[in-house]
Amino acid sequence: MDFALDDEQTLIAQTVRRFVDKDVRAWAADADRAGAAPPRLSAVGGDLGFFLDAVPEASGGLLDGPYSHLRRALRGLELGRGCAGMAAVLETNVEPALAVGRWGSAAAREALFASLAGGGLATTARDARGTLDVTRDGDGLRITGKIGPVPALATASHVLLAARTGDEPVLALVATAGARREAVATSGWRAAAWGSLVLEATAVPASMVLARGAAAADAITEVLTWYKVSLAARATGVATAGMEHARKYADERIQFGKPIGTFESLIRLRDDADTGAAAVRLMALHAAWLADRVVDGPTRAAAHDAASRARVLAGDVVDRATVDAVQILGGYGFVNDYPVEKLMRDARAFAQLLGDERFDRILAVRAQQGA
Amino acid sequence: MDIFHDNPMLTGVRQMLGAFAKQSIRPIAVKHDRDESMPWDLMKMAQGFGMTQTAVVDGRKALTGKDEDGESGNAKKPASQARIGVAGSEELAYGCAGICLAIGGSGLAASPVSRMGNEEQKQEFRKLLKGDDEKGHIKVAAMALSEPSTGSDISGLSTTARPDGDHFVINGHKQWITNGASAAVYVVWANTDPTAGRAGVRGFIVGRGTPGLVPGRKETKLGIRASETAQVHFEDCRVHKDMMLGVGQSSEGLSDTKKMLDSTRPMVGAQAVGIARAAFEYLVERVQGGTMQGTPMANHQRVAFELAEMEMEIQAARALVHKAAWMADHHMDNVRMASIAKAYGAKVAQDVTSRALTLLGEEALESGHPVEKWYRDAKIYDIFEGTGQIQRRIIARSIFGVNPT
Ligand SMILES: Cc1cc2nc3c(=O)[nH]c(=O)nc-3n(C[C@H](O)[C@H](O)[C@H](O)COP(=O)(O)OP(=O)(O)OC[C@H]3O[C@@H](n4cnc5c(N)ncnc54)[C@H](O)[C@@H]3O)c2cc1C
């Protein structure tokens with residue numbers, strides 16, 4: 001077993017870290033206040049290979065060969081250090097592009113890849129609670145209900161949707177054109193162009209249904225694996241950023257004649273956060289490594305299980321680490337001049353997006369038990 | 001035993017303020033959070049009901065019908081002031097913690113005036129708060145202790161009050177002051193004699209408009225956004241010596257400020273309980289109507305046990321704040337208990353709102369979702385009026401007699 005990064009992986013991590021330290025961190029506070037990413041993000045992110053890295057070369061993208069979730073996780077660790085909202089925008093196309101590349105019809109590929117190659121965005125949503133009304137309409141679907149709020153949906157041209165028709169899972173690509181769309185102001189990831197899509201008996205043609213039934217269950221498992229790995233990596237980055245700020249502050253702030261960073265209770269807070277972040281980092285990278293090796297049912301299940309566990313812990317770790325970062329900064333932590341209150345708001349989405357991971361894990365066990 | 005059972009006044013306050021919270025505070029809470037604005041109209045209404053905590057100085061009569069100011073005769077007679085304070089605080093914060101602080105924030109300044117002020121100073125304080133300001137707003141007070149480099153360690157105050165004839169000349173900067181930009185009157189803490197260290201620290205009543213008193217920039221905050229927080233600057237600000245608190249009493253300087261904070265801690269803990277209860281009740285309602293994969297939500301242990309856990313925490317926290325208040329009402333030393341109540345309340349408010357968000361999932365990411373707001377509001381309870389670490393330091397010191405580092 002080798003935990004060392006190879007040259008290419010090191011290069012990716014270093015390049016994204018430079019981008020984060022130079023640009024993303026500099027833009028983060030303004031983007032948070034404005035509730036929008038700076039226009040430069042598309043250009044700079046595009047130059048670095050974001051947005052099209054999961055779109056096949058033949059369709060105007062950069063993907064030549066298998067996609068590497070491990071590389072994506074490595075960059076996610078860095079992006080999270082910068083800004084969770086901008087990270088969500090930079091990463092949003094990956095799941096729809098990979099899913100459509102794998103399971104999409106020619107029409108779906110054509111529609112999505114043309115949009116992405118033209119600078120469009122796509123996003124992913126999961127109807128975790130079963131609140132959407134999805135019915136069969138010939139070989140297509142009719143959907144009524146509200147999707148979201150999810151990142152990038154305020155501007156995305158397509159949503160990769162994981163839902164159910166009755167007892168049957170479906171994975172579909174839903175075009176947003178023509179449907180009622182609402183921009184949503186969120187508390188965290190404010191740069192991520194959150195939105196909801198209101199569908200009223202909206203028809204999804206057969207060519208946009210990527211998978212149904214058992215095939216859809218497998219496909220959805222894979223899509224969620226990719227997404228959860230990326231979320232866990234980015235969450236680790238946010239937790240790391242919280243503690244970077246906290247450490248710097250604690251070294252400088254003097255109370256009772258000492259740097260507050262010398263008080264044991266604060267050392268403990270930082271150490272717990274670092275321990276949690278180190279654990280989730282390894283779990284996310286391991287899950288990514290497994291995701292890159294899915295060849296059949298058991299490997300698919302193993303990758304998803306690892307990704308799901310990474311996300312459960314990541315949600316806890318990032319929440320705790322950012323709350324504690326605010327705590328370490330005291331009154332300054334609570335005000336907007338310092339970056340940590342934003343990190344605390346940003347942390348929440350990692351546990352809330354896609355639904356309650358712990359509940360899902362419990363329900364999965366009960367399903368296996370036939371309960 | 002129901003902790004409200006022994007005192008019909010507590011039940012009355014709880015019911016009255018609970019109704020006020022639901023009918024008058026909740027409907028405007030999101031707007032004031034979003035706009036980061038004080039609810040001046042509501043504050044005026046609350047003042048009309050005798051709810052603003054300057055009632056401490058006005059006498060408690062307006063709220064309770066009784067003057068229980070401790071000084072009025074039999075100091076050893078059990079009072080109910082502190083328990084009324086915690087019962088009321090929980091209800092108002094159940095409506096919105098930010099609005100609760102907008103309504104009650106002046107109390108922090110009123111408390112030292114009530115405790116240490118002489119009759120002339122109390123009159124002056126009352127006079128400065130009388131009527132409306134030029135915008136038609138009620139007048140509010142601010143208690144200015146913290147400084148940019150001194151929060152937990154108040155012995156490090158660098159604001160000075162230099163004697164100059166009949167006056168003191170105050171210089172320094174105050175940080176994170178509730179009502180700091182709008183106050184009509186400030187109680188500012190400054191060192192009158194740096195060679196005397198902590199013993200030289202005194203409080204002064206300073207009216208708005210006093211030359212050299214410069215209200216500063218308002219902060220943008222994570223939570224309690226309906227409560228204003230601002231810097232306040234003192235630049236050669238001349239204040240008559242008659243406005244120094246503790247004159248003619250054996251004032252203990254800095255330890256007076258500690259007593260002031262000890263007395264408000266149970267109320268602060270109660271506010272945290274109010275936030276936790278708000279999130280709990282919201283979730284109970286949601287769970288009652290919901291299903292997950294065809295089974296009622298309440299039948300899932302994953303959900304129902306979370307709520308059971310929250311209820312345990314809330315009940316425990318409430319019992320603690322009432323015990324701390326009960327001790328104060330019975331003139332017992334409640335320093336340890338007040339810290340326990342405040343620290344535990346803060347922990348419960350953060351824990352309950354965080355668990356509630358996870359259960360609610362994506363819908364609660366929207367800004368202005370009630371639980372999302374309560375989560376942001378809850379954090380302050382671990383920071384102001386003594387951080388969570390400072391409460392634990394007080395508790396530990398009361399056990400071992402030393403300050404652990
Ligand atoms: C919204 C808001 C309203 C406020 N209102 C008022 C007001 O009206 N009037 C007023 O005077 N002040 C007010 N404050 C200030 C508040 O009381 C201080 O922020 C608080 O006391 C903490 O001080 P600090 O921010 O300087 O943090 P610091 O004291 O610098 O603490 C930073 C960190 O170090 C920890 N720490 C410090 N000492 C120790 C130790 N010995 N052991 C272990 N850990 C330690 C703290 O717990 C914290 O985690 C307000 C603050 C806020 C945010």
# chains A, B, ... in the order shown; residues from 1 in each chain; ligands from 1
call {"tool": "interface_residues", "arguments": {"of": "chain B", "to": "chain A", "cutoff": "6 Å", "atoms": "only C-alpha atoms", "output": "PyMOL selection string"}}
result
chain B and resi 153+220-222+358+361-362+365-367+383+405
call {"tool": "residues_around", "arguments": {"residues": "stretch 305-309 of chain A", "least_positions_apart": "6", "cutoff": "6 Å", "atoms": "only C-alpha atoms", "output": "MDAnalysis selection string"}}
result
chainID A and resid 225 228:229 287
call {"tool": "closest_residue", "arguments": {"among": "B:Lys122, B:Arg225, B:Arg277, B:Arg198", "to": "ligand 1", "atoms": "only C-alpha atoms and all ligand atoms"}}
result
B:Arg225
call {"tool": "select_by_dssp", "arguments": {"residues": "stretch 133-200 of chain B", "states": "strand (DSSP E or B)", "output": "MDAnalysis selection string"}}
result
chainID B and resid 138 141:144 147 150 160:164 167:178 185:191
call {"tool": "atom_distance", "arguments": {"atom1": "atom CA of B:Phe384", "atom2": "atom 25 (O, counted along the ligand's line) of ligand 1"}}
result
7.4 Å
call {"tool": "residues_around", "arguments": {"residues": "A:Val44", "least_positions_apart": "3", "cutoff": "12 Å", "atoms": "only C-alpha atoms", "output": "PyMOL selection string"}}
result
chain A and resi 16+19-20+22-24+37-41+47-51+86+90
call {"tool": "write_last_selection", "arguments": {"atoms": "all heavy atoms", "output": "tab-separated table (two decimals), in the first residue's frame"}}
result
chain	number	residue	atom	x	y	z
A	16	VAL	N	-4.26	23.43	-7.92
A	16	VAL	CA	-5.54	23.90	-7.37
A	16	VAL	C	-5.29	24.70	-6.09
A	16	VAL	O	-5.95	25.71	-5.83
A	16	VAL	CB	-6.52	22.72	-7.14
A	16	VAL	CG1	-7.82	23.22	-6.54
A	16	VAL	CG2	-6.79	21.99	-8.44
A	19	PHE	N	-4.39	28.19	-7.07
A	19	PHE	CA	-5.61	28.89	-7.53
A	19	PHE	C	-6.46	29.31	-6.32
A	19	PHE	O	-6.95	30.44	-6.26
A	19	PHE	CB	-6.36	27.92	-8.46
A	19	PHE	CG	-7.77	28.30	-8.80
A	19	PHE	CD1	-8.09	29.56	-9.30
A	19	PHE	CD2	-8.80	27.36	-8.66
A	19	PHE	CE1	-9.41	29.87	-9.63
A	19	PHE	CE2	-10.11	27.67	-8.99
A	19	PHE	CZ	-10.42	28.93	-9.47
A	20	VAL	N	-6.59	28.41	-5.37
A	20	VAL	CA	-7.39	28.69	-4.18
A	20	VAL	C	-6.77	29.82	-3.36
A	20	VAL	O	-7.44	30.77	-2.97
A	20	VAL	CB	-7.54	27.40	-3.33
A	20	VAL	CG1	-7.94	27.72	-1.90
A	20	VAL	CG2	-8.57	26.47	-3.98
A	22	LYS	N	-4.58	32.07	-4.24
A	22	LYS	CA	-4.43	33.36	-4.93
A	22	LYS	C	-5.80	33.98	-5.27
A	22	LYS	O	-6.03	35.14	-5.01
A	22	LYS	CB	-3.63	33.14	-6.22
A	22	LYS	CG	-3.42	34.39	-7.05
A	22	LYS	CD	-2.41	34.15	-8.16
A	22	LYS	CE	-2.52	35.17	-9.27
A	22	LYS	NZ	-3.70	35.03	-10.12
A	23	ASP	N	-6.68	33.19	-5.83
A	23	ASP	CA	-7.94	33.75	-6.34
A	23	ASP	C	-9.16	33.44	-5.46
A	23	ASP	O	-9.86	34.35	-5.04
A	23	ASP	CB	-8.23	33.22	-7.75
A	23	ASP	CG	-7.20	33.71	-8.76
A	23	ASP	OD1	-6.74	34.86	-8.60
A	23	ASP	OD2	-6.85	32.95	-9.67
A	24	VAL	N	-9.41	32.17	-5.22
A	24	VAL	CA	-10.68	31.80	-4.59
A	24	VAL	C	-10.83	32.44	-3.21
A	24	VAL	O	-11.87	33.02	-2.89
A	24	VAL	CB	-10.84	30.26	-4.51
A	24	VAL	CG1	-12.15	29.89	-3.85
A	24	VAL	CG2	-10.75	29.64	-5.90
A	37	ALA	N	-21.04	33.97	-7.56
A	37	ALA	CA	-19.61	33.82	-7.86
A	37	ALA	C	-19.19	34.95	-8.78
A	37	ALA	O	-20.00	35.44	-9.58
A	37	ALA	CB	-19.37	32.48	-8.53
A	38	PRO	N	-17.94	35.38	-8.72
A	38	PRO	CA	-17.50	36.44	-9.64
A	38	PRO	C	-17.46	35.89	-11.06
A	38	PRO	O	-17.16	34.71	-11.26
A	38	PRO	CB	-16.09	36.78	-9.15
A	38	PRO	CG	-15.65	35.59	-8.38
A	38	PRO	CD	-16.87	34.93	-7.84
A	39	PRO	N	-17.76	36.73	-12.05
A	39	PRO	CA	-17.77	36.25	-13.44
A	39	PRO	C	-16.43	35.61	-13.84
A	39	PRO	O	-16.40	34.69	-14.66
A	39	PRO	CB	-18.01	37.52	-14.26
A	39	PRO	CG	-18.61	38.49	-13.31
A	39	PRO	CD	-18.13	38.13	-11.93
A	40	ARG	N	-15.34	36.06	-13.22
A	40	ARG	CA	-14.01	35.52	-13.57
A	40	ARG	C	-13.87	34.04	-13.25
A	40	ARG	O	-13.00	33.36	-13.77
A	40	ARG	CB	-12.92	36.27	-12.80
A	40	ARG	CG	-12.56	37.61	-13.37
A	40	ARG	CD	-11.81	38.43	-12.34
A	40	ARG	NE	-12.66	38.66	-11.16
A	40	ARG	CZ	-12.26	39.25	-10.03
A	40	ARG	NH1	-11.02	39.65	-9.92
A	40	ARG	NH2	-13.09	39.44	-9.02
A	41	LEU	N	-14.73	33.55	-12.36
A	41	LEU	CA	-14.59	32.16	-11.96
A	41	LEU	C	-14.71	31.22	-13.17
A	41	LEU	O	-13.96	30.25	-13.28
A	41	LEU	CB	-15.65	31.78	-10.91
A	41	LEU	CG	-15.54	30.36	-10.38
A	41	LEU	CD1	-14.33	30.22	-9.46
A	41	LEU	CD2	-16.81	29.94	-9.63
A	47	ASP	N	-9.99	27.58	-17.59
A	47	ASP	CA	-8.57	27.42	-17.98
A	47	ASP	C	-7.91	26.28	-17.21
A	47	ASP	O	-6.98	25.63	-17.71
A	47	ASP	CB	-7.78	28.70	-17.68
A	47	ASP	CG	-8.11	29.79	-18.68
A	47	ASP	OD1	-8.76	29.47	-19.71
A	47	ASP	OD2	-7.75	30.96	-18.43
A	48	LEU	N	-8.38	26.07	-15.99
A	48	LEU	CA	-7.78	25.02	-15.17
A	48	LEU	C	-8.41	23.66	-15.43
A	48	LEU	O	-8.06	22.67	-14.77
A	48	LEU	CB	-7.93	25.37	-13.68
A	48	LEU	CG	-7.03	26.48	-13.19
A	48	LEU	CD1	-7.44	26.95	-11.80
A	48	LEU	CD2	-5.57	26.01	-13.16
A	49	GLY	N	-9.36	23.60	-16.35
A	49	GLY	CA	-9.93	22.31	-16.73
A	49	GLY	C	-11.20	21.94	-16.00
A	49	GLY	O	-11.71	20.83	-16.16
A	50	PHE	N	-11.72	22.86	-15.19
A	50	PHE	CA	-13.02	22.57	-14.56
A	50	PHE	C	-14.12	22.68	-15.61
A	50	PHE	O	-13.89	23.13	-16.72
A	50	PHE	CB	-13.29	23.57	-13.43
A	50	PHE	CG	-12.44	23.33	-12.20
A	50	PHE	CD1	-11.30	24.09	-11.98
A	50	PHE	CD2	-12.78	22.35	-11.29
A	50	PHE	CE1	-10.52	23.88	-10.85
A	50	PHE	CE2	-12.00	22.12	-10.15
A	50	PHE	CZ	-10.88	22.89	-9.94
A	51	PHE	N	-15.30	22.30	-15.28
A	51	PHE	CA	-16.53	22.38	-16.09
A	51	PHE	C	-16.60	21.32	-17.19
A	51	PHE	O	-17.65	20.76	-17.44
A	51	PHE	CB	-16.73	23.78	-16.72
A	51	PHE	CG	-16.74	24.89	-15.72
A	51	PHE	CD1	-15.76	25.87	-15.73
A	51	PHE	CD2	-17.73	24.95	-14.74
A	51	PHE	CE1	-15.77	26.89	-14.78
A	51	PHE	CE2	-17.74	25.96	-13.79
A	51	PHE	CZ	-16.76	26.95	-13.82
A	86	MET	N	-18.08	28.37	-4.34
A	86	MET	CA	-17.43	28.35	-5.66
A	86	MET	C	-17.01	26.93	-6.03
A	86	MET	O	-17.06	26.54	-7.20
A	86	MET	CB	-16.23	29.30	-5.67
A	86	MET	CG	-16.67	30.75	-5.82
A	86	MET	SD	-15.26	31.86	-6.01
A	86	MET	CE	-15.22	32.61	-4.42
A	90	LEU	N	-17.74	24.91	-9.51
A	90	LEU	CA	-16.67	24.31	-10.32
A	90	LEU	C	-16.88	22.80	-10.52
A	90	LEU	O	-16.45	22.24	-11.53
A	90	LEU	CB	-15.31	24.55	-9.64
A	90	LEU	CG	-14.84	26.02	-9.62
A	90	LEU	CD1	-13.69	26.20	-8.63
A	90	LEU	CD2	-14.42	26.49	-11.01
call {"tool": "residues_around", "arguments": {"residues": "A:Gly61", "least_positions_apart": "4", "cutoff": "8 Å", "atoms": "only C-alpha atoms", "output": "number ranges by chain"}}
result
A: 52-57, 113, 117
call {"tool": "closest_residue", "arguments": {"among": "B:Gly203, B:Gly246, B:Gly289, B:Pro211", "to": "ligand 1", "atoms": "only C-alpha atoms and all ligand atoms"}}
result
B:Gly203
call {"tool": "atom_distance", "arguments": {"atom1": "atom 30 (O, counted along the ligand's line) of ligand 1", "atom2": "atom CA of A:Ala250"}}
result
8.5 Å
call {"tool": "residues_around", "arguments": {"residues": "B:Ile99", "least_positions_apart": "5", "cutoff": "7 Å", "atoms": "only C-alpha atoms", "output": "NGL selection string"}}
result
:B and (39 or 226-227)
call {"tool": "write_last_selection", "arguments": {"atoms": "N, CA, C and O atoms", "output": "PDB file, in the first residue's frame"}}
result
ATOM      1  N   PRO B  39     -36.188  45.875  15.510  1.00  0.00           N
ATOM      2  CA  PRO B  39     -37.656  45.964  15.366  1.00  0.00           C
ATOM      3  C   PRO B  39     -38.229  47.087  16.230  1.00  0.00           C
ATOM      4  O   PRO B  39     -38.868  46.836  17.247  1.00  0.00           O
ATOM      5  N   ALA B 226     -31.243  40.904  14.617  1.00  0.00           N
ATOM      6  CA  ALA B 226     -32.186  41.971  14.971  1.00  0.00           C
ATOM      7  C   ALA B 226     -31.672  42.769  16.161  1.00  0.00           C
ATOM      8  O   ALA B 226     -32.268  43.767  16.549  1.00  0.00           O
ATOM      9  N   SER B 227     -30.569  42.308  16.732  1.00  0.00           N
ATOM     10  CA  SER B 227     -29.950  43.034  17.830  1.00  0.00           C
ATOM     11  C   SER B 227     -28.704  43.714  17.270  1.00  0.00           C
ATOM     12  O   SER B 227     -27.889  43.084  16.616  1.00  0.00           O
TER      13      SER B 227
END
call {"tool": "decode", "arguments": {"residues": "stretch 310-367 of chain A", "atoms": "C-alpha atoms", "output": "mmCIF file, in the first residue's frame"}}
result
data_model
loop_
_atom_site.group_PDB
_atom_site.id
_atom_site.type_symbol
_atom_site.label_atom_id
_atom_site.label_comp_id
_atom_site.auth_asym_id
_atom_site.auth_seq_id
_atom_site.Cartn_x
_atom_site.Cartn_y
_atom_site.Cartn_z
ATOM 1 C CA ALA A 310 -16.972 9.342 4.380
ATOM 2 C CA ARG A 311 -19.869 11.731 3.945
ATOM 3 C CA VAL A 312 -21.431 10.912 7.322
ATOM 4 C CA LEU A 313 -18.183 11.614 9.091
ATOM 5 C CA ALA A 314 -17.377 14.596 6.880
ATOM 6 C CA GLY A 315 -20.699 16.217 7.800
ATOM 7 C CA ASP A 316 -19.932 15.813 11.503
ATOM 8 C CA VAL A 317 -16.311 16.887 11.230
ATOM 9 C CA VAL A 318 -16.879 19.999 9.159
ATOM 10 C CA ASP A 319 -19.746 21.110 11.357
ATOM 11 C CA ARG A 320 -17.745 20.664 14.555
ATOM 12 C CA ALA A 321 -14.536 22.152 13.138
ATOM 13 C CA THR A 322 -16.176 25.306 11.831
ATOM 14 C CA VAL A 323 -18.313 25.845 14.935
ATOM 15 C CA ASP A 324 -15.131 25.492 16.971
ATOM 16 C CA ALA A 325 -13.243 27.842 14.676
ATOM 17 C CA VAL A 326 -15.889 30.474 15.395
ATOM 18 C CA GLN A 327 -15.543 29.670 19.085
ATOM 19 C CA ILE A 328 -11.779 30.143 19.010
ATOM 20 C CA LEU A 329 -12.165 33.553 17.416
ATOM 21 C CA GLY A 330 -14.708 34.556 20.097
ATOM 22 C CA GLY A 331 -16.574 37.764 19.300
ATOM 23 C CA TYR A 332 -14.565 38.202 16.102
ATOM 24 C CA GLY A 333 -15.686 34.750 15.024
ATOM 25 C CA PHE A 334 -19.303 35.853 15.143
ATOM 26 C CA VAL A 335 -18.877 38.847 12.837
ATOM 27 C CA ASN A 336 -18.553 38.955 9.114
ATOM 28 C CA ASP A 337 -15.153 40.707 8.969
ATOM 29 C CA TYR A 338 -13.459 37.386 9.723
ATOM 30 C CA PRO A 339 -13.852 34.352 7.452
ATOM 31 C CA VAL A 340 -14.937 31.730 9.976
ATOM 32 C CA GLU A 341 -18.636 32.576 10.369
ATOM 33 C CA LYS A 342 -18.987 31.999 6.617
ATOM 34 C CA LEU A 343 -17.279 28.631 6.993
ATOM 35 C CA MET A 344 -19.762 27.705 9.729
ATOM 36 C CA ARG A 345 -22.661 28.553 7.414
ATOM 37 C CA ASP A 346 -20.972 26.718 4.542
ATOM 38 C CA ALA A 347 -20.484 23.585 6.624
ATOM 39 C CA ARG A 348 -24.161 22.766 6.919
ATOM 40 C CA ALA A 349 -24.844 21.830 3.296
ATOM 41 C CA PHE A 350 -22.422 18.905 3.487
ATOM 42 C CA ALA A 351 -24.755 17.109 5.889
ATOM 43 C CA GLN A 352 -28.030 18.360 4.429
ATOM 44 C CA LEU A 353 -27.663 17.979 0.661
ATOM 45 C CA LEU A 354 -29.056 14.742 -0.791
ATOM 46 C CA GLY A 355 -30.921 14.061 2.481
ATOM 47 C CA ASP A 356 -29.957 12.542 5.810
ATOM 48 C CA GLU A 357 -27.107 10.094 5.157
ATOM 49 C CA ARG A 358 -27.479 8.317 8.494
ATOM 50 C CA PHE A 359 -31.151 7.689 7.831
ATOM 51 C CA ASP A 360 -30.303 6.318 4.386
ATOM 52 C CA ARG A 361 -27.767 3.937 5.857
ATOM 53 C CA ILE A 362 -30.249 2.692 8.448
ATOM 54 C CA LEU A 363 -32.986 2.237 5.852
ATOM 55 C CA ALA A 364 -30.568 0.341 3.617
ATOM 56 C CA VAL A 365 -29.802 -2.119 6.408
ATOM 57 C CA ARG A 366 -33.484 -2.549 7.153
ATOM 58 C CA ALA A 367 -34.168 -3.178 3.473
#
